[in-house]
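A.B. asks: Could you have a look at this structure, given as structure tokens, before my questions?
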There are 2 protein chains.
Amino acid sequence: MSAPQSRERSIILNENGWSVRVLDQRGLPWRIEWVELTTVAAAARAISEMWVRGAPLIGATAAYGLCLALRADASDAALERGMALLLGTRPTAVNLRWALERVRASAQPHQDDARVAAAYRCAALICDEDVNSCRAIGDHGLELIRAVAAQGRTVNVLTHCNAGALATVDYGTALAPIYRAQELGIAVHVWVDETRPRNQGALLTAYELNRARIPHTVITDNAGGLLMQRGEVDLCLVGADRVSRNGDVCNKIGTYLKALAAHDNGVPFYVALPLSTYDGSLASGSEIPIEERDPAEVILISGELPGGEPGTLRLTRSAAANPAFDITPARLVTGYVTDRGILRHASEWAALTMRALQRNTR
Amino acid sequence: MSAPQSRERSIILNENGWSVRVLDQRGLPWRIEWVELTTVAAAARAISEMWVRGAPLIGATAAYGLCLALRADASDAALERGMALLLGTRPTAVNLRWALERVRASAQPHQDDARVAAAYRCAALICDEDVNSCRAIGDHGLELIRAVAAQGRTVNVLTHCNAGALATVDYGTALAPIYRAQELGIAVHVWVDETRPRNQGALLTAYELNRARIPHTVITDNAGGLLMQRGEVDLCLVGADRVSRNGDVCNKIGTYLKALAAHDNGVPFYVALPLSTYDGSLASGSEIPIEERDPAEVILISGELPGGEPGTLRLTRSAAANPAFDITPARLVTGYVTDRGILRHASEWAALTMRALQRNTR
């Protein structure tokens with residue numbers, strides 16, 4: 001059942017069989033620090049304070065968080081309290097609810113130790129499935145890269161935020177096809193949007209690509225439009241926090257602006273996501289709640305001081321607003337790179353989810 | 001001839017009658033430091049190192065820079081050397097060449113002291129005209145704000161970079177209508193794009209608006225699209241570094257992305273500029289040279305350390321690219337707010353520049 005573990009996962013069940021460790025991503029790339037989560041409260045904090053982030057990894061962390069809640073108290077009441085606490089951590093990514101409901105459904109029929117064991121089995125399965133799903137996204141997305149490479153030149157991919165191994169259990173969504181291309185010796189260069197305010201591009205995506213020795217260049221979020229005007233982008237590949245029934249994509253703030261530029265310049269714009277990020281319960285993107293985060297994330301910025309110490313600077317004395325996501329309308333999306341293949345139209349989601357549902361209830 | 005000087009200009013001829021002082025804008029808002037320019041080399045450095053920036057202020061500083069060159073050596077050779085040095089400082093803003101050619105044309109017919117005096121008269125005229133021109137832009141642009149205010153609510157304007165008093169000799173281009181509205185008691189709120197990499201929005205525009213007590217909120221460059229999707233922007237108002245004959249607008253990197261979002265959401269997108277920013281010699285925006293600046297501007301960021309000291313942080317360990325401008329196609333521009341009125345179409349530029357030419361040669 002378990003996926004091959006040649007790489008290091010972003011969330012790992014400890015040898016004790018019950019606590020999990022995650023990378024505190026707030027310190028990357030300057031400081032690589034793993035933290036052990038031993039309580040549901042710690043898991044909730046890791047999600048809300050963004051030690052972990054990225055829709056699939058949020059789901060996996062929440063799944064183990066609910067296990068930790070049940071390990072402390074396997075009652076129905078504790079199960080519901082744990083669900084509520086974890087559901088309240090981040091409002092936008094749908095994987096959070098999806099993962100929690102899966103663990104609850106697995107655990108509920110059982111009592112006591114059997115309930116805890118069932119929850120842990122489900123959380124492990126969610127993680128393994130995520131790895132397999134990301135690898136499948138990589139294989140399907142690879143075809144897009146291969147098609148450009150067939151013209152005999154380096155393929156320039158633009159990505160926004162971090163939808164890589166650090167946003168998932170491993171491999172990533174948007175970065176998975178890039179890792180696959182690298183494995184096959186296809187020349188790829190990645191334009192990395194820095195992704196203000198939290199700079200997940202400059203910090204996390206650049207860190208991942210550095211580690212994998214994939215050529216890349218960090219750019220400001222403002223620069224992608226010009227690069228597309230100049231023909232220096234072959235393909236945009238981004239992740240998603242939630243996709244609604246009509247194919248609208250909720251993703252990190254600024255994604256919509258890149259989709260507009262891609263559309264205006266005839267650059268293909270693909271969204272990579274596992275099936276768990278699709279939310280068929282919402283008709284359109286306008287129904288997706290957009291998280292408003294602390295304005296301090298805009299006003300203050302973290303990085304490395306000249307001496308190598310971590311530091312924080314104030315960037316303005318004025319007030320700031322900090323909406324964390326925007327909605328890219330389906331009409332701007334060339335296709336969806338999923339673990340089940342590339343979909344060209346939102347209507348294909350319906351058949352896909354129906355098949356998945358049938359398989360899960362078999 | 002001189003414009004009313006109730007406010008402090010961004011470039012001032014000293015009481016000695018020959019050296020000029022400018023605000024070193026690199027320290028704003030943390031440090032307010034005026035520097036005296038006494039040589040053409042200092043003026044060139046002030047422009048290339050961005051102590052001063054903004055197309056109109058670059059033009060004014062270059063004009064005085066050429067005066068300083070002639071004061072040291074009024075020969076034809078020195079005039080040409082000064083021109084070449086100053087022209088090489090920044091490639092994108094057309095006002096630089098425009099101002100230098102004007103000063104040269106004024107000075108060339110004369111010799112020695114008379115040549116120097118003619119140059120200084122021309123530079124002073126360029127500054128006074130800029131102030132009057134910005135005030136006129138403010139009056140014309142005010143109508144756009146008034147039209148929204150007539151609906152009985154606060155007018156939300158989004159601006160990118162700094163096209164305020166600090167980018168000109170006074171008042172600004174894009175901010176001039178906002179200052180005018182404030183004077184008339186019209187409720188305005190400004191969304192200020194931080195404008196990475198140099199954050200002229202978060203630093204300079206926010207500083208100006210703070211000083212004028214105009215309500216404003218700093219946002220990341222990524223956020224404007226969502227705000228427009230939500231109907232929270234009534235009007236986009238930006239400046240320009242150069243406008244080509246067909247109406248394409250070269251402005252700070254990222255302007256194009258906001259124009260796309262405005263177009264996609266039916267938000268009016270206006271470009272404010274004096275006639276001197278129009279370059280009828282170029283057929284379209286694709287002919288405008290785009291300055292590539294030092295990647296260090298992306299990799300390092302400046303701000304205020306917790307103790308109040310200025311500081312610099314490293315934001316990534318990867319390589320970066322730093323194109324400084326992009327081109328907004330004329331089809332995305334609702335209109336041009338000029339000192340001669342609001343133009344709705346690029347073709348109106350021709351008649352306008354013809355009239356200006358006739359007036360100048362009369």
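Chain labels follow the order of the structure tokens: the first chain is A, the next B, and so on; residue numbering restarts at 1 in every chain, and ligands are counted from 1 in their shown order.
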Chain A residues within 8 Å of chain B, counting only C-alpha atoms: which ones, as an MDAnalysis selection string?

C.D. replies: chainID A and resid 29 195:197 202:203 206:207 210 216:223 225:226 253:258 260:261 298 302:306 311:323 325:327

A.B. asks: Residues at most 7 Å from Val116 (chain A), counting only C-alpha atoms, excluding those fewer than 4 positions away in the same chain, as a PyMOL selection string?

C.D. replies: chain A and resi 67+70-71+74+107+112+120

A.B. asks: Find, counting only C-alpha atoms, the residue in B:Leu184, B:Val271, B:Leu237, B:Leu86 that gets nearest to Ser48 (chain B).

C.D. replies: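 Closest residue, counting only C-alpha atoms: B:Leu86.
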
A.B. asks: For each of B:Met83, B:Leu37, B:Val267, B:Leu175, take the minimum atom-to-atom distance to Val22 (chain B), counting only C-alpha atoms, then give the residue where this is smallest.

C.D. replies: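 For Val22 (chain B), the nearest of the candidates is B:Leu37.
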
A.B. asks: With only C-alpha atoms as the counted atoms, please give the residues lying no more than 9 Å from Pro268 (chain B), apart from itself and same-chain residues fewer than 6 positions off, as a short mmCIF file (atom, residue, chain, number, x, y, z; two decimals) with C-alpha atoms, in the first residue's frame.

C.D. replies:
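Listed below is the output, selection_23.cif:
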```cif
data_model
loop_
_atom_site.label_atom_id
_atom_site.label_comp_id
_atom_site.auth_asym_id
_atom_site.auth_seq_id
_atom_site.Cartn_x
_atom_site.Cartn_y
_atom_site.Cartn_z
CA ASP B 234 -13.87 52.41 -8.57
CA LEU B 235 -10.97 53.64 -10.61
CA CYS B 236 -7.35 52.80 -11.41
CA LEU B 237 -5.04 55.79 -11.80
CA ALA B 259 -4.81 47.04 -16.47
CA ALA B 262 -9.43 46.42 -14.58
CA VAL B 333 -6.50 52.09 -21.29
CA THR B 334 -9.82 53.84 -20.67
CA GLY B 335 -8.26 57.26 -21.10
#
```

A.B. asks: Could you pull out the strand (DSSP E or B) residues of region 276-347 of chain A from DSSP and send them as a VMD selection string?

C.D. replies: chain A and resid 278 to 279 292 300 to 304 310 to 314 320 323 325 to 328 335 to 338 341 to 343

A.B. asks: Could you dump the residues just selected with N, CA, C and O atoms as a JSON list (two decimals), in the first residue's frame?

C.D. replies:
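Output file again.json is given in full below:
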```json
[["chain", "number", "residue", "atom", "x", "y", "z"],
["A", 278, "TYR", "N", -10.92, 19.39, -5.46],
["A", 278, "TYR", "CA", -12.14, 19.75, -6.20],
["A", 278, "TYR", "C", -13.31, 19.75, -5.23],
["A", 278, "TYR", "O", -13.49, 18.80, -4.45],
["A", 279, "ASP", "N", -14.10, 20.81, -5.24],
["A", 279, "ASP", "CA", -15.25, 20.91, -4.34],
["A", 279, "ASP", "C", -16.53, 21.02, -5.16],
["A", 279, "ASP", "O", -16.97, 22.11, -5.51],
["A", 292, "GLU", "N", -8.90, 36.30, 5.08],
["A", 292, "GLU", "CA", -8.21, 37.58, 5.28],
["A", 292, "GLU", "C", -7.20, 37.35, 6.38],
["A", 292, "GLU", "O", -7.56, 36.99, 7.50],
["A", 300, "LEU", "N", 5.29, 43.79, 7.67],
["A", 300, "LEU", "CA", 6.60, 43.28, 8.10],
["A", 300, "LEU", "C", 7.05, 42.20, 7.14],
["A", 300, "LEU", "O", 6.23, 41.47, 6.59],
["A", 301, "ILE", "N", 8.35, 42.08, 6.93],
["A", 301, "ILE", "CA", 8.87, 41.02, 6.07],
["A", 301, "ILE", "C", 10.06, 40.36, 6.76],
["A", 301, "ILE", "O", 10.83, 41.03, 7.45],
["A", 302, "SER", "N", 10.16, 39.05, 6.59],
["A", 302, "SER", "CA", 11.25, 38.31, 7.22],
["A", 302, "SER", "C", 12.27, 37.88, 6.19],
["A", 302, "SER", "O", 11.95, 37.68, 5.02],
["A", 303, "GLY", "N", 13.48, 37.73, 6.64],
["A", 303, "GLY", "CA", 14.55, 37.28, 5.76],
["A", 303, "GLY", "C", 15.81, 37.09, 6.56],
["A", 303, "GLY", "O", 15.76, 36.93, 7.78],
["A", 304, "GLU", "N", 16.92, 37.16, 5.87],
["A", 304, "GLU", "CA", 18.21, 36.92, 6.51],
["A", 304, "GLU", "C", 18.99, 38.22, 6.59],
["A", 304, "GLU", "O", 19.19, 38.89, 5.57],
["A", 310, "PRO", "N", 18.32, 35.45, 11.23],
["A", 310, "PRO", "CA", 16.99, 35.81, 10.73],
["A", 310, "PRO", "C", 16.61, 37.19, 11.25],
["A", 310, "PRO", "O", 17.05, 37.59, 12.33],
["A", 311, "GLY", "N", 15.85, 37.91, 10.45],
["A", 311, "GLY", "CA", 15.46, 39.26, 10.85],
["A", 311, "GLY", "C", 14.13, 39.65, 10.26],
["A", 311, "GLY", "O", 13.62, 38.98, 9.35],
["A", 312, "THR", "N", 13.55, 40.71, 10.78],
["A", 312, "THR", "CA", 12.26, 41.21, 10.30],
["A", 312, "THR", "C", 12.37, 42.72, 10.11],
["A", 312, "THR", "O", 12.93, 43.41, 10.95],
["A", 313, "LEU", "N", 11.84, 43.19, 8.99],
["A", 313, "LEU", "CA", 11.85, 44.62, 8.69],
["A", 313, "LEU", "C", 10.43, 45.13, 8.56],
["A", 313, "LEU", "O", 9.54, 44.41, 8.11],
["A", 314, "ARG", "N", 10.24, 46.40, 8.92],
["A", 314, "ARG", "CA", 8.98, 47.08, 8.64],
["A", 314, "ARG", "C", 9.09, 47.71, 7.26],
["A", 314, "ARG", "O", 10.09, 48.36, 6.93],
["A", 320, "ALA", "N", -2.46, 48.23, 6.25],
["A", 320, "ALA", "CA", -2.42, 47.32, 5.11],
["A", 320, "ALA", "C", -3.60, 46.36, 5.16],
["A", 320, "ALA", "O", -4.22, 46.17, 6.21],
["A", 323, "PRO", "N", -5.76, 40.08, 1.88],
["A", 323, "PRO", "CA", -6.54, 38.93, 1.42],
["A", 323, "PRO", "C", -5.58, 37.88, 0.87],
["A", 323, "PRO", "O", -4.64, 38.22, 0.15],
["A", 325, "PHE", "N", -6.17, 34.89, -0.97],
["A", 325, "PHE", "CA", -6.46, 34.10, -2.16],
["A", 325, "PHE", "C", -7.26, 34.94, -3.16],
["A", 325, "PHE", "O", -7.86, 35.93, -2.79],
["A", 326, "ASP", "N", -7.25, 34.53, -4.41],
["A", 326, "ASP", "CA", -8.19, 35.11, -5.36],
["A", 326, "ASP", "C", -8.77, 34.00, -6.22],
["A", 326, "ASP", "O", -8.40, 32.83, -6.07],
["A", 327, "ILE", "N", -9.71, 34.38, -7.06],
["A", 327, "ILE", "CA", -10.43, 33.40, -7.88],
["A", 327, "ILE", "C", -10.05, 33.59, -9.34],
["A", 327, "ILE", "O", -10.24, 34.66, -9.91],
["A", 328, "THR", "N", -9.55, 32.54, -9.95],
["A", 328, "THR", "CA", -9.29, 32.57, -11.39],
["A", 328, "THR", "C", -10.48, 31.93, -12.09],
["A", 328, "THR", "O", -10.75, 30.74, -11.89],
["A", 335, "GLY", "N", -6.40, 24.11, -18.78],
["A", 335, "GLY", "CA", -6.72, 22.74, -18.38],
["A", 335, "GLY", "C", -6.31, 22.48, -16.94],
["A", 335, "GLY", "O", -5.62, 23.29, -16.32],
["A", 336, "TYR", "N", -6.79, 21.34, -16.43],
["A", 336, "TYR", "CA", -6.53, 20.94, -15.05],
["A", 336, "TYR", "C", -5.70, 19.66, -15.10],
["A", 336, "TYR", "O", -6.13, 18.66, -15.68],
["A", 337, "VAL", "N", -4.50, 19.72, -14.53],
["A", 337, "VAL", "CA", -3.64, 18.54, -14.50],
["A", 337, "VAL", "C", -3.96, 17.79, -13.22],
["A", 337, "VAL", "O", -3.59, 18.22, -12.12],
["A", 338, "THR", "N", -4.68, 16.68, -13.35],
["A", 338, "THR", "CA", -5.09, 15.93, -12.17],
["A", 338, "THR", "C", -4.37, 14.59, -12.12],
["A", 338, "THR", "O", -3.68, 14.20, -13.06],
["A", 341, "GLY", "N", -5.48, 12.43, -15.04],
["A", 341, "GLY", "CA", -5.29, 12.89, -16.41],
["A", 341, "GLY", "C", -5.55, 14.39, -16.51],
["A", 341, "GLY", "O", -5.88, 15.03, -15.52],
["A", 342, "ILE", "N", -5.39, 14.91, -17.72],
["A", 342, "ILE", "CA", -5.59, 16.34, -17.92],
["A", 342, "ILE", "C", -7.02, 16.58, -18.37],
["A", 342, "ILE", "O", -7.47, 16.02, -19.37],
["A", 343, "LEU", "N", -7.73, 17.42, -17.62],
["A", 343, "LEU", "CA", -9.10, 17.78, -18.00],
["A", 343, "LEU", "C", -9.06, 19.11, -18.74],
["A", 343, "LEU", "O", -8.34, 20.02, -18.34]]
```

A.B. asks: Might you pull out every residue within 8 Å of Val188 (chain B), with only C-alpha atoms counted and same-chain residues fewer than 4 positions away left off, and present them as a PyMOL selection string?

C.D. replies: chain B and resi 154-157+178+181-182+214-215

A.B. asks: Using only C-alpha atoms, can you tell me which of B:Ser19, B:Ala60, B:Trp51, B:Ala350 comes closest to Ala72 (chain B)?

C.D. replies: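 Between B:Ser19, B:Ala60, B:Trp51, B:Ala350, the residue approaching Ala72 (chain B) most closely is B:Ser19.
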
A.B. asks: Which value, in Å to one decimal, gives the distance between CA of Ser284 (chain A) and CA of Asp130 (chain A)?

C.D. replies: 25.1 Å

A.B. asks: Arg245 (chain B): which residues within 6 Å, counting only C-alpha atoms, same-chain residues fewer than 3 positions away excluded, as an NGL selection string?

C.D. replies: :B and (280 or 282-283)

A.B. asks: Quick one: write out the picked residues with N, CA, C and O atoms as a PDB file, in the first residue's frame?

C.D. replies:
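To be explicit, this is the file written out as part.pdb:
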```pdb
ATOM      1  N   GLY B 280       5.889  60.659 -29.543  1.00  0.00           N
ATOM      2  CA  GLY B 280       5.301  60.450 -30.859  1.00  0.00           C
ATOM      3  C   GLY B 280       6.262  59.823 -31.848  1.00  0.00           C
ATOM      4  O   GLY B 280       5.858  59.402 -32.936  1.00  0.00           O
ATOM      5  N   LEU B 282       7.784  57.020 -31.469  1.00  0.00           N
ATOM      6  CA  LEU B 282       7.689  55.562 -31.444  1.00  0.00           C
ATOM      7  C   LEU B 282       6.272  55.124 -31.810  1.00  0.00           C
ATOM      8  O   LEU B 282       5.295  55.604 -31.235  1.00  0.00           O
ATOM      9  N   ALA B 283       6.187  54.221 -32.769  1.00  0.00           N
ATOM     10  CA  ALA B 283       4.867  53.804 -33.256  1.00  0.00           C
ATOM     11  C   ALA B 283       4.104  53.028 -32.187  1.00  0.00           C
ATOM     12  O   ALA B 283       2.903  53.197 -32.017  1.00  0.00           O
TER      13      ALA B 283
END
```

A.B. asks: Mind checking which residues fall within 12 Å of Glu80 (chain A), counting only C-alpha atoms, ignoring those fewer than 6 positions away in the same chain, and posting them as number ranges by chain?

C.D. replies: A: 66, 69-70, 73-74, 86-87, 100-101, 103-105, 107-108

A.B. asks: Print the selection's residues with N, CA, C and O atoms to a file, as an mmCIF file, in the first residue's frame.

C.D. replies:
```
data_model
loop_
_atom_site.group_PDB
_atom_site.id
_atom_site.type_symbol
_atom_site.label_atom_id
_atom_site.label_comp_id
_atom_site.auth_asym_id
_atom_site.auth_seq_id
_atom_site.Cartn_x
_atom_site.Cartn_y
_atom_site.Cartn_z
ATOM 1 N N LEU A 66 -6.414 14.900 14.023
ATOM 2 C CA LEU A 66 -7.613 14.245 14.559
ATOM 3 C C LEU A 66 -7.231 12.914 15.220
ATOM 4 O O LEU A 66 -7.819 12.527 16.246
ATOM 5 N N ALA A 69 -6.105 13.762 18.616
ATOM 6 C CA ALA A 69 -7.252 14.065 19.481
ATOM 7 C C ALA A 69 -7.857 12.769 20.014
ATOM 8 O O ALA A 69 -8.156 12.646 21.212
ATOM 9 N N LEU A 70 -8.024 11.783 19.126
ATOM 10 C CA LEU A 70 -8.666 10.516 19.517
ATOM 11 C C LEU A 70 -7.766 9.690 20.434
ATOM 12 O O LEU A 70 -8.240 8.975 21.312
ATOM 13 N N ASP A 73 -8.426 11.032 23.745
ATOM 14 C CA ASP A 73 -9.812 10.820 24.203
ATOM 15 C C ASP A 73 -10.602 10.322 22.989
ATOM 16 O O ASP A 73 -10.871 11.087 22.063
ATOM 17 N N ALA A 74 -10.978 9.039 23.017
ATOM 18 C CA ALA A 74 -11.595 8.431 21.831
ATOM 19 C C ALA A 74 -13.114 8.586 21.810
ATOM 20 O O ALA A 74 -13.797 7.957 20.999
ATOM 21 N N LEU A 86 -9.868 21.801 14.291
ATOM 22 C CA LEU A 86 -9.037 21.730 13.093
ATOM 23 C C LEU A 86 -9.704 22.424 11.905
ATOM 24 O O LEU A 86 -9.049 23.098 11.112
ATOM 25 N N LEU A 87 -11.025 22.288 11.801
ATOM 26 C CA LEU A 87 -11.743 22.948 10.700
ATOM 27 C C LEU A 87 -11.611 24.463 10.778
ATOM 28 O O LEU A 87 -11.632 25.149 9.752
ATOM 29 N N LEU A 100 -10.528 15.572 7.089
ATOM 30 C CA LEU A 100 -11.132 15.372 8.411
ATOM 31 C C LEU A 100 -12.372 14.489 8.315
ATOM 32 O O LEU A 100 -12.581 13.597 9.144
ATOM 33 N N GLU A 101 -13.183 14.720 7.290
ATOM 34 C CA GLU A 101 -14.394 13.900 7.154
ATOM 35 C C GLU A 101 -14.052 12.447 6.844
ATOM 36 O O GLU A 101 -14.740 11.526 7.275
ATOM 37 N N VAL A 103 -11.293 10.856 7.896
ATOM 38 C CA VAL A 103 -10.819 10.225 9.133
ATOM 39 C C VAL A 103 -12.011 9.947 10.052
ATOM 40 O O VAL A 103 -12.125 8.860 10.634
ATOM 41 N N ARG A 104 -12.916 10.906 10.165
ATOM 42 C CA ARG A 104 -14.078 10.697 11.031
ATOM 43 C C ARG A 104 -14.894 9.494 10.567
ATOM 44 O O ARG A 104 -15.300 8.646 11.367
ATOM 45 N N ALA A 105 -15.134 9.413 9.249
ATOM 46 C CA ALA A 105 -15.932 8.304 8.715
ATOM 47 C C ALA A 105 -15.257 6.955 8.996
ATOM 48 O O ALA A 105 -15.929 5.949 9.252
ATOM 49 N N ALA A 107 -13.206 6.345 11.573
ATOM 50 C CA ALA A 107 -13.082 6.109 13.011
ATOM 51 C C ALA A 107 -14.432 5.854 13.683
ATOM 52 O O ALA A 107 -14.540 5.011 14.585
ATOM 53 N N GLN A 108 -15.452 6.568 13.242
ATOM 54 C CA GLN A 108 -16.750 6.580 13.928
ATOM 55 C C GLN A 108 -17.349 5.194 14.221
ATOM 56 O O GLN A 108 -17.850 4.982 15.323
#
```

A.B. asks: Which residue is closest to Asn251 (chain A)? Choose from A:Glu143, A:Glu291, A:Asp113, A:Glu129 and count only C-alpha atoms.

C.D. replies: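 Residue with the minimum atom-to-atom distance to Asn251 (chain A): A:Glu291.
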
A.B. asks: Report, in Å with one decimal, the straight-line distance from CA of Ala176 (chain A) to CA of Ala272 (chain A).

C.D. replies: 8.9 Å

A.B. asks: Neighbours of Pro289 (chain B) within 9 Å (only C-alpha atoms; same-chain residues fewer than 4 positions away dropped), as a PDB file with N, CA, C and O atoms, in the first residue's frame?

C.D. replies:
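Result went into result-v4.pdb, see below:
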```
ATOM      1  N   PRO B  91      17.180  54.421 -19.187  1.00  0.00           N
ATOM      2  CA  PRO B  91      16.805  54.322 -20.602  1.00  0.00           C
ATOM      3  C   PRO B  91      15.315  54.497 -20.907  1.00  0.00           C
ATOM      4  O   PRO B  91      14.953  54.735 -22.046  1.00  0.00           O
ATOM      5  N   THR B  92      14.435  54.377 -19.897  1.00  0.00           N
ATOM      6  CA  THR B  92      13.030  54.202 -20.231  1.00  0.00           C
ATOM      7  C   THR B  92      12.217  55.504 -20.295  1.00  0.00           C
ATOM      8  O   THR B  92      11.461  55.729 -21.225  1.00  0.00           O
ATOM      9  N   GLY B 285       4.388  50.488 -28.237  1.00  0.00           N
ATOM     10  CA  GLY B 285       5.109  50.217 -27.001  1.00  0.00           C
ATOM     11  C   GLY B 285       6.249  49.239 -27.165  1.00  0.00           C
ATOM     12  O   GLY B 285       7.212  49.260 -26.389  1.00  0.00           O
TER      13      GLY B 285
END
```

A.B. asks: Tell me which of B:Glu36, B:Glu15, B:Asp241, B:Asp248 sits closest to Thr277 (chain B), counting only C-alpha atoms.

C.D. replies: B:Asp241
